[in-house]
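Worksheet: the structure to be examined is printed underneath.
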Amino acid sequence: MRFIPVTPAQQAEMLRAVGVSTIDDLFDVIPEAVRLRRPLSLPDGLSELELIRDLQALAAKDLDSSRVVSLLGAGCYDHFIPSIVDAVVSKPEFFTAYTPYQPEISQGTLQAIFEYQSMICQLTGMDVSNASMYDGATAMAEAAYLAASVTKRRKVVVADTVHPEWLETLRTYSLAGTLEIATAASRGGVVDAESLAESVADAAAVIVADPNFFGNLEDLTAIGGIAKSGGALLVVAVNPMLAGVLAPPSEYGADVVVGEGQPLGNAMSFGGPGFGFFACKSDYLRRMPGRIVGRTVDVDGRPAFVLTMQTREQHIRREKATSNICSNQALCALAASVHLASLGPAGLAEVGRACVAKAHYLRDALVETGRFSPAFPDAPFAHEFALAYVGNAREMQEAMLERGFLAGLELSRFSPELSGIVLFAVTEKRTRGELDRFVEEVASL
Amino acid sequence: MSGTKGVSLGDPRPAEVGRLIFERSTACARCTEMPPLDVPEIDLDAALAQRSRRDAPLLPEVTEVDLARHYEHLASVNFGVDSGFYPLGSCTMKYNPKVDEVACRMPGFAGVHPYQPLSTVQGLLELMHGLQEALGEISGLPHVSLQPAAGAHGEFTGLMCIRAYHEANGDARRRVLIPDSAHGTNPATVAMCGYEVTTIPSDERGGVDLDALEAALDTDVAALMLTNPNTLGLFDENIERITAFVHGVGALAYCDGANLNAILGKARPGDMGFDVMHINLHKTFGTPHGGGGPGAGPVAVTEKVAPFLPGPVVVLSPEGFRLVAPERSIGRVRSFYGNVGVLVRAYAYIRAVGGEGLRAVAEQAVLSANYLKERLKGAYDLPYDRPCMHEFVLSGRRQKRENGVRTLDLAKRLLDYGVHPPTIYFPLIVEEAIMIEPTETEGVETLDAFADAMLAIAEEAARDPEALHAAPRSTPVRRLDEARAVKDPQLRYAPPCLD
C-alpha cells in the first residue's frame, strides 16, 4: 500500500522490538467474537492512474458550470474566483495543518484567522467574529442558542422568508427542547410586520435574512424596532458578496450577524464545503460559539496570535460549553479572506453592483416577454428574484436545459403554494450576451 | 525530520512578523479587476430601497504580488503534515494524498450546484452513494448520512437520532452516560441535545468500570457514548458486555469514531453492538484538516435507527441515483448535502487503498504505536502498560515531580526538534498526559528520530530543566502571553486612527 512507507523487513524488525511474532498478536486484545473474520467487502486498491481515470469518468457524467449558463442561486452561488485564492489554499502548510493548538508553529493559520475575523467585522459592522462555523444554516441555529442563553428565553421568532433548509436546520436543533420556534408570516415576499409584532413577546431573538430566500430586501428598520420592543436580539443573515453595496446590519441594530460564506472564494461543490460566519456585538463575546483568535505578544515581546477565550469551549468546559463545535471550516474561511483582500473595498462594491445591475436587467427583460410576472412586485431585491411563469415551469426548465441553461430554481419543492414560481440568481459571471440569449430562447418556447 | 536542526520554520525578516495584510495596504492598489459593466448602470439607492452602503468596508488594498508574498510568509511560519511529524493523539494526522486534492477540484465535482437537476449530477451522486456503502461496510452499520460537517456535528446528529428513536417509542429519557476518558465534545454534545451527563469512571485497566456502568444504567438512560478504542488507545475488552448492558435497559450504544483508524478491517463497531457512530473522514480517511476544517462527520446507524437519519440520503432507484429523506427523519442538520469536497477526497482515498489496504493501514498504525511505546516507556511513565492500539498515553508526572518540568515544557521543547508535539493534558484521567499517535504513514526513520528526541528531552529534563522552561527557542515566535490575550482581547484589526 503506497501510503505506508514501512517495508516488510522493517515491520519484522519492529515486531521484534515490540516483542510479538505477528501483527495479529497485537490485535489479541479484541475479543474473538467481535473480530472481523473476513476481508472487507470493498474493491481492491487502485493505482493513481486508474483512480484518476475512474474519477474522471464519474465527473464527466455531471454538468458543471463551465458547460452551462447557470441562473441558480438559492444559497449557493457561481461567482468568479481569482486564481490567487486556490494558489493560497493549496499551500500544504495551510491545508495539512491541524487546529492551531501550538501557536509557536501555527502563526500562519492564526494570523490568517485573525485577518478573517477582522474582515467579517468590517462586512457586518459587528465588533467580534469567530473563526467560522460549518455553514450558514448552523451559524443561524447557533445564533438562536446564543440568544436563548443571553435572554434566558426559549422562543425564537424566525421569518418564513429565511431559506427553507436553514429553517429546517433550526427546527432540527430545536428538537433538543432548548428552543421553541415561532415563524413570522410574510406578505408580498417580505416579513409581515404585524405578524412579527404579534409573536415577539417573550422572544429571545428575531431572525431574518437580508436579502431573504426570495432575494428580497427586508425592512430592517421596522424589524429591528419590533425586536427591540420585545426585548429580543436581532439576528440577521446576510450574503457577504453584497456587503460592498448593502448597508451593514449594524445600522439597523443587529446584535448577531451570520451567513453562508461560500460566495467568497469557495467553489459550489454541490453545496459544501463553504463556511458559516458568525459575528456579534462585544457584549456577547463570552457566549460566542467556536474558536476565536486574539493578538498578544510572545516572551520576547514580538506580536503574535493565539486561540483565546477558550473557557467557552468544549475541551475546557465540557457540558457547560457554549457549543460542541470543534472542527470548523478554517480553510474555506482562508479562501474567503484571500478573495476579499484581492477584491478590496472597490472590487467588492463592483462585484455587488454588477450582480445587482445584471439581475435587474434580466428581470426587466423577462417580465417584458410577457411569459413571466414578478411573484412579489412590490419587494425590492438585490441579485436574486422570483418570477411566476405563465406555462409549466418545470417543462420550461427542461427545454432551457437542452439549450444550455440552468433556468433558476422552481420552488414547489419547498411549498406547494410556491408552485410555478422560479427563483433566478445572477452573478457577475453572466454576460449580457448570455442573458439576452436566455431571454430570446425562453420567449420563443 | 532532523533531530537537531529544529523546526525549519521562521522567516528571517523581522519586519514581517505579525504584519497584517491590512498593514500592507496602499490606497487604491488593486488585485482583481472586473470586466466593464455590459448592462446599463443602475441607480443602487433606488434599486436597493435607499439601503445602499455609504462607508466602504475597510478591506486591504493590495496587489496580487502583495497577496502572494503575504500568504507565502504566513505559510512559512505554519507547520503541517507536509512539514514534518505530527503525532497529535486522537487527531490521526496521517499524510494527505495529493491525488485527493486533484479529485475534489475536478469540474464535475467542484463546479456543480446543489439544486441542478439530479439527472445532471449522476456522477457525483454515484460517488456519494459509493461512499455511503463503503462506510456502512467498514463500520458494520449499514445506513449512512453524509450530512454532518465535522465529528462534533456527527455526534449531535447521532444523538438527535437516538433522541428521536426513543421519542418514537413514547419513551422520554433524560441521561447519557459518558466515560471519564471521553473527548470534551461528547459532554458538550449531550448538553446541546438537551440531555444530562452522567460520568462513568474508568477501571484500573483503562476500560469502562463495569460495576459503575451497571449501577448507572436504568430506563432513564438514553445512550452510552463510548470511544473504542478509547482515548488511552486501549480496546475495551468488555465491549460486548458493555453494549449488552446498555441494550438491557432499552438504551442505545453510541460509538465516537475518532479512533476508527485502529480497527479498519479488523473489527467493526456494528459487530460490537453499537447502534450509532460518527466517522471523522478527516482523521481516518486521509482528508486534510485545513488548519481546523473543513472536515466531515458522516453518521452510520443500524436498521432500527435508520428511519430517523437526517435527510436526504442518496439511494439507487431504477431511474438512477436520487436524494430521499428517511421516513421519520429528524430533518436536516445543515443546508444541502454535506461537505461534498471532503466526501470526494475520502472516496478517492478508500478507492486508492482498497479493502485489503485499509486493513494494512490499521495494522501498521497499531504496530507503529506499540513500537514507539516500547521505545519510550522507560524514560516516561506509562500508566496503562498493556498492548495499545493506534495510540498510547504517557505521563510526564515523573519529570514534573523529580525535575520540576511539566508536560507543557516537554512539548514546547519538541518544537526545537522539528516535531509537532503530541496531544497533551488529555485524557483528563492521566496526570501530565502525553498522547502519541504516529499513524501508519510515517517511516521507521521518522519514528526513531522522534523517539530519540523524546529520550533526549527526558535527559535534558534531569540535567537542565531551565532549558526546557525556556523552550522553544528556534520557532518563529516563542511562548505566548495567553493571559494578556484574555485580559485585553484584541480580536480584530483596528486602524490606527479609529477605535
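Letters for chains follow the order of the C-alpha cells (A, B, ...), residue numbers begin at 1 for each chain, and ligand numbers begin at 1 in the order shown.
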
Long-range neighbours of segment 417-431 of chain A as number ranges by chain, 8 Å cut-off, only C-alpha atoms, 5 positions minimum in chain: A: 69, 71-74, 77-80, 214, 351-352, 354-356, 358-359, 375, 383-389, 392-394, 407-412; B: 38

Contact residues around Arg287 of chain A with only C-alpha atoms at 9 Å, ignoring same-chain residues under 4 positions, as JSON, numbers by chain: {"A": [146, 149, 150, 283, 312, 321, 322]}

Residue selection dump (C-alpha atoms) as a PDB file, in the first residue's frame:
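File written: selection39.pdb
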```pdb
ATOM      1  CA  LEU A 146     -26.774  32.257  21.937  1.00  0.00           C
ATOM      2  CA  SER A 149     -28.709  31.824  26.616  1.00  0.00           C
ATOM      3  CA  VAL A 150     -28.341  35.629  26.754  1.00  0.00           C
ATOM      4  CA  ASP A 283     -21.465  42.187  24.804  1.00  0.00           C
ATOM      5  CA  ARG A 312     -16.205  28.993  26.392  1.00  0.00           C
ATOM      6  CA  ALA A 321     -19.536  24.881  26.857  1.00  0.00           C
ATOM      7  CA  THR A 322     -21.332  27.429  24.668  1.00  0.00           C
TER       8      THR A 322
END
```

Env of Glu442 of chain B: 9 Å cut, atoms = only C-alpha atoms, seq-sep filter 6 positions within chain, self excluded. Answer as an mmCIF file with C-alpha atoms, in the first residue's frame.
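Below is the file that was written, part_7.cif:
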```
data_model
loop_
_atom_site.group_PDB
_atom_site.id
_atom_site.type_symbol
_atom_site.label_atom_id
_atom_site.label_comp_id
_atom_site.auth_asym_id
_atom_site.auth_seq_id
_atom_site.Cartn_x
_atom_site.Cartn_y
_atom_site.Cartn_z
ATOM 1 C CA PHE A 3 0.723 5.362 1.700
ATOM 2 C CA ILE A 4 2.576 3.058 4.134
ATOM 3 C CA PRO A 5 6.321 3.645 3.922
ATOM 4 C CA VAL A 6 7.376 0.713 6.172
ATOM 5 C CA PHE B 85 5.939 14.518 12.020
ATOM 6 C CA LYS B 94 -1.774 10.989 8.562
ATOM 7 C CA TYR B 95 -0.357 12.067 5.217
ATOM 8 C CA SER B 368 3.968 1.873 14.928
#
```

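Distance-wise, atom CA of Val121 of chain B and atom CA of Gly391 of chain A end up 26.2 Å apart.
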
Strand (DSSP E) call set, DSSP backbone run, segment 45-202 of chain A, as a list of chain:residue names: A:Val69, A:Ser70, A:Val128, A:Ser129, A:Lys155, A:Val156, A:Val157, A:Val158, A:Ala159, A:Glu180, A:Ile181, A:Ala182, A:Thr183, A:Ala184, A:Ser186, A:Arg187, A:Val190, A:Val191

Could you write those residues out with C-alpha atoms, as a CSV table (one decimal), in the first residue's frame?
```csv
chain,number,residue,atom,x,y,z
A,69,VAL,CA,-25.1,29.1,-18.2
A,70,SER,CA,-26.4,28.9,-14.7
A,128,VAL,CA,-16.3,40.5,17.1
A,129,SER,CA,-16.3,37.4,14.8
A,155,LYS,CA,-38.7,31.2,22.0
A,156,VAL,CA,-37.1,32.4,18.8
A,157,VAL,CA,-39.2,34.1,16.1
A,158,VAL,CA,-38.0,33.3,12.6
A,159,ALA,CA,-39.2,34.9,9.4
A,180,GLU,CA,-39.1,26.9,20.7
A,181,ILE,CA,-39.6,28.0,17.1
A,182,ALA,CA,-42.2,30.5,16.1
A,183,THR,CA,-42.4,31.7,12.5
A,184,ALA,CA,-43.3,35.2,11.4
A,186,SER,CA,-44.7,37.1,5.2
A,187,ARG,CA,-46.7,39.2,2.8
A,190,VAL,CA,-41.1,40.0,2.9
A,191,VAL,CA,-41.8,39.7,6.6
```

Nearest-residue call for Lys152 of chain A, choices A:Thr178, A:Ser132, A:Ser250, A:Ser65, using only C-alpha atoms: A:Thr178

Exercise: Leu491 of chain B partners within 9 Å, only C-alpha atoms, chain neighbours under 6 positions left out, as JSON, numbers by chain: {"A": [114, 117, 118, 127, 128, 129, 130, 292, 293, 294, 295], "B": [485]}

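Atom pair atom CA of Gly136 of chain B / atom CA of Arg2 of chain A: separated by 24.4 Å.
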
Which of A:Ala357, A:Leu362, A:Leu307, A:Ile325 sits closest to Asp481 of chain B [using only C-alpha atoms]: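 Looking at the shortest contact to Asp481 of chain B, the residue is A:Leu307.
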
Residues near Ala134 of chain B, anyone? I mean within 10 Å using only C-alpha atoms, not counting same-chain ones fewer than 2 positions away, as a compact mmCIF listing (two decimals) with C-alpha atoms, in the first residue's frame.
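And here is the file that came out, out.txt:
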```txt
# COMPACT_ATOMS: atom_id res chain seq x y z
CA LEU A 40 -13.88 -6.05 3.99
CA SER A 41 -16.22 -6.30 1.05
CA LEU A 42 -14.66 -3.40 -0.82
CA PRO A 43 -12.92 -3.29 -4.20
CA MET B 128 -21.67 9.73 -2.65
CA HIS B 129 -23.68 6.52 -2.78
CA GLY B 130 -20.46 4.55 -3.09
CA LEU B 131 -19.08 6.33 -0.03
CA GLN B 132 -22.25 5.60 1.97
CA GLY B 136 -21.53 1.11 6.04
CA GLU B 137 -19.33 -1.89 5.29
CA ILE B 138 -16.35 -0.54 7.24
CA SER B 139 -18.41 0.34 10.33
CA GLY B 140 -20.82 -2.59 10.23
CA PRO B 142 -25.21 -0.10 7.06
CA VAL B 144 -25.28 6.27 6.46
CA TYR B 347 -13.97 8.34 -1.52
CA ILE B 350 -10.88 4.49 0.02
CA ARG B 351 -10.72 3.58 -3.68
CA GLY B 355 -10.34 -3.19 1.34
```

Long-range neighbours of Leu358 of chain B as a ChimeraX atom specification, 8 Å cut-off, only C-alpha atoms, 4 positions minimum in chain: /B:264-265,350,353-354,362

Output for the residues just chosen: C-alpha atoms as a PDB file, in the first residue's frame:
```
ATOM      1  CA  LEU B 264     -10.178  -0.804   9.933  1.00  0.00           C
ATOM      2  CA  GLY B 265     -10.862  -4.252   8.529  1.00  0.00           C
ATOM      3  CA  ILE B 350     -10.876   4.490   0.017  1.00  0.00           C
ATOM      4  CA  VAL B 353      -6.318   1.995  -0.656  1.00  0.00           C
ATOM      5  CA  GLY B 354      -8.936  -0.705  -1.175  1.00  0.00           C
ATOM      6  CA  ALA B 362      -4.853  -0.337  10.847  1.00  0.00           C
TER       7      ALA B 362
END
```

Determine, using only C-alpha atoms, which residues of segment 81-189 of chain B have any atom at most 8 Å from an atom of segment 292-300 of chain B, and tabulate each with its shortest atom pair and distance in Å to one decimal place, rows ordered by chain and then rising number, as CSV.
```
residue,atom,partner,partner_atom,distance
B:Leu135,CA,B:Ala300,CA,7.4
B:Gly136,CA,B:Ala300,CA,6.4
B:Ser139,CA,B:Ala300,CA,7.3
B:Leu141,CA,B:Ala300,CA,5.4
B:Pro142,CA,B:Ala300,CA,6.5
B:His143,CA,B:Ala300,CA,5.4
B:Val144,CA,B:Ala300,CA,4.3
B:Ser145,CA,B:Val299,CA,5.3
B:Leu146,CA,B:Pro298,CA,4.4
B:Gln147,CA,B:Pro298,CA,6.2
B:Pro148,CA,B:Gly297,CA,5.0
B:Ala149,CA,B:Ala296,CA,4.4
B:Ala150,CA,B:Ala296,CA,4.3
B:Gly151,CA,B:Gly297,CA,4.5
B:Ala152,CA,B:Gly297,CA,7.5
B:His153,CA,B:Gly297,CA,6.6
B:Gly154,CA,B:Gly297,CA,4.9
B:Thr157,CA,B:Val299,CA,7.3
B:Gly158,CA,B:Val299,CA,6.4
```

Point-to-point distance from atom CA of Leu260 of chain B to atom CA of Leu55 of chain A, Å rounded to tenths: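 It comes out at 25.5 Å.
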
For segment 210-212 of chain B: contacts at 10 Å, only C-alpha atoms, fewer than 5 positions along chain excluded, given as a list in words: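 Neighbouring residues, sequence-local ones excluded: Thr199, Ile200, Pro201, Ser202, Asp203, Leu217, Asn238, Arg241, Ile242 and Phe245 of chain B.
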
Secondary structure check, alpha helix (DSSP H) residues of segment 92-205 of chain A, as a ChimeraX atom specification: /A:92-95,107-124,136-151,164-174,193-199

Could you take the residues named above and write them with C-alpha atoms, as a PDB file, in the first residue's frame?
```
ATOM      1  CA  PRO A  92       0.278  22.388   2.217  1.00  0.00           C
ATOM      2  CA  GLU A  93       1.439  24.405   5.228  1.00  0.00           C
ATOM      3  CA  PHE A  94      -2.160  25.630   5.432  1.00  0.00           C
ATOM      4  CA  PHE A  95      -4.233  22.697   4.284  1.00  0.00           C
ATOM      5  CA  GLN A 107       1.275  31.629  13.297  1.00  0.00           C
ATOM      6  CA  GLY A 108       0.256  31.323   9.653  1.00  0.00           C
ATOM      7  CA  THR A 109      -3.144  29.791  10.379  1.00  0.00           C
ATOM      8  CA  LEU A 110      -3.659  32.006  13.431  1.00  0.00           C
ATOM      9  CA  GLN A 111      -2.836  35.267  11.713  1.00  0.00           C
ATOM     10  CA  ALA A 112      -4.960  34.300   8.705  1.00  0.00           C
ATOM     11  CA  ILE A 113      -7.924  33.667  11.018  1.00  0.00           C
ATOM     12  CA  PHE A 114      -7.322  36.982  12.818  1.00  0.00           C
ATOM     13  CA  GLU A 115      -7.398  38.744   9.465  1.00  0.00           C
ATOM     14  CA  TYR A 116     -10.538  36.820   8.517  1.00  0.00           C
ATOM     15  CA  GLN A 117     -12.239  37.882  11.771  1.00  0.00           C
ATOM     16  CA  SER A 118     -11.264  41.489  11.027  1.00  0.00           C
ATOM     17  CA  MET A 119     -12.756  41.343   7.527  1.00  0.00           C
ATOM     18  CA  ILE A 120     -16.008  39.762   8.734  1.00  0.00           C
ATOM     19  CA  CYS A 121     -16.351  42.544  11.323  1.00  0.00           C
ATOM     20  CA  GLN A 122     -15.878  45.051   8.510  1.00  0.00           C
ATOM     21  CA  LEU A 123     -18.524  43.426   6.299  1.00  0.00           C
ATOM     22  CA  THR A 124     -21.128  43.041   9.040  1.00  0.00           C
ATOM     23  CA  GLY A 136     -24.873  29.497   7.222  1.00  0.00           C
ATOM     24  CA  ALA A 137     -27.700  27.291   8.489  1.00  0.00           C
ATOM     25  CA  THR A 138     -25.794  26.018  11.525  1.00  0.00           C
ATOM     26  CA  ALA A 139     -24.443  29.506  12.232  1.00  0.00           C
ATOM     27  CA  MET A 140     -28.046  30.689  12.367  1.00  0.00           C
ATOM     28  CA  ALA A 141     -29.004  27.842  14.709  1.00  0.00           C
ATOM     29  CA  GLU A 142     -26.055  28.687  16.973  1.00  0.00           C
ATOM     30  CA  ALA A 143     -27.197  32.329  16.982  1.00  0.00           C
ATOM     31  CA  ALA A 144     -30.573  31.128  18.271  1.00  0.00           C
ATOM     32  CA  TYR A 145     -28.818  29.165  21.041  1.00  0.00           C
ATOM     33  CA  LEU A 146     -26.774  32.257  21.937  1.00  0.00           C
ATOM     34  CA  ALA A 147     -29.877  34.438  22.068  1.00  0.00           C
ATOM     35  CA  ALA A 148     -31.678  31.931  24.283  1.00  0.00           C
ATOM     36  CA  SER A 149     -28.709  31.824  26.616  1.00  0.00           C
ATOM     37  CA  VAL A 150     -28.341  35.629  26.754  1.00  0.00           C
ATOM     38  CA  THR A 151     -32.030  36.412  27.296  1.00  0.00           C
ATOM     39  CA  PRO A 164     -36.291  26.756   3.924  1.00  0.00           C
ATOM     40  CA  GLU A 165     -33.307  24.490   4.541  1.00  0.00           C
ATOM     41  CA  TRP A 166     -31.953  26.873   7.186  1.00  0.00           C
ATOM     42  CA  LEU A 167     -35.361  26.931   8.818  1.00  0.00           C
ATOM     43  CA  GLU A 168     -35.434  23.140   8.754  1.00  0.00           C
ATOM     44  CA  THR A 169     -31.959  23.037  10.320  1.00  0.00           C
ATOM     45  CA  LEU A 170     -33.101  25.370  13.066  1.00  0.00           C
ATOM     46  CA  ARG A 171     -36.105  23.122  13.695  1.00  0.00           C
ATOM     47  CA  THR A 172     -33.816  20.100  13.991  1.00  0.00           C
ATOM     48  CA  TYR A 173     -31.650  21.962  16.509  1.00  0.00           C
ATOM     49  CA  SER A 174     -34.798  22.906  18.435  1.00  0.00           C
ATOM     50  CA  ALA A 193     -44.510  43.435  10.407  1.00  0.00           C
ATOM     51  CA  GLU A 194     -47.886  42.826  12.042  1.00  0.00           C
ATOM     52  CA  SER A 195     -47.337  39.105  12.286  1.00  0.00           C
ATOM     53  CA  LEU A 196     -43.877  39.710  13.688  1.00  0.00           C
ATOM     54  CA  ALA A 197     -45.132  42.211  16.270  1.00  0.00           C
ATOM     55  CA  GLU A 198     -47.728  39.687  17.445  1.00  0.00           C
ATOM     56  CA  SER A 199     -45.200  36.966  18.103  1.00  0.00           C
TER      57      SER A 199
END
```
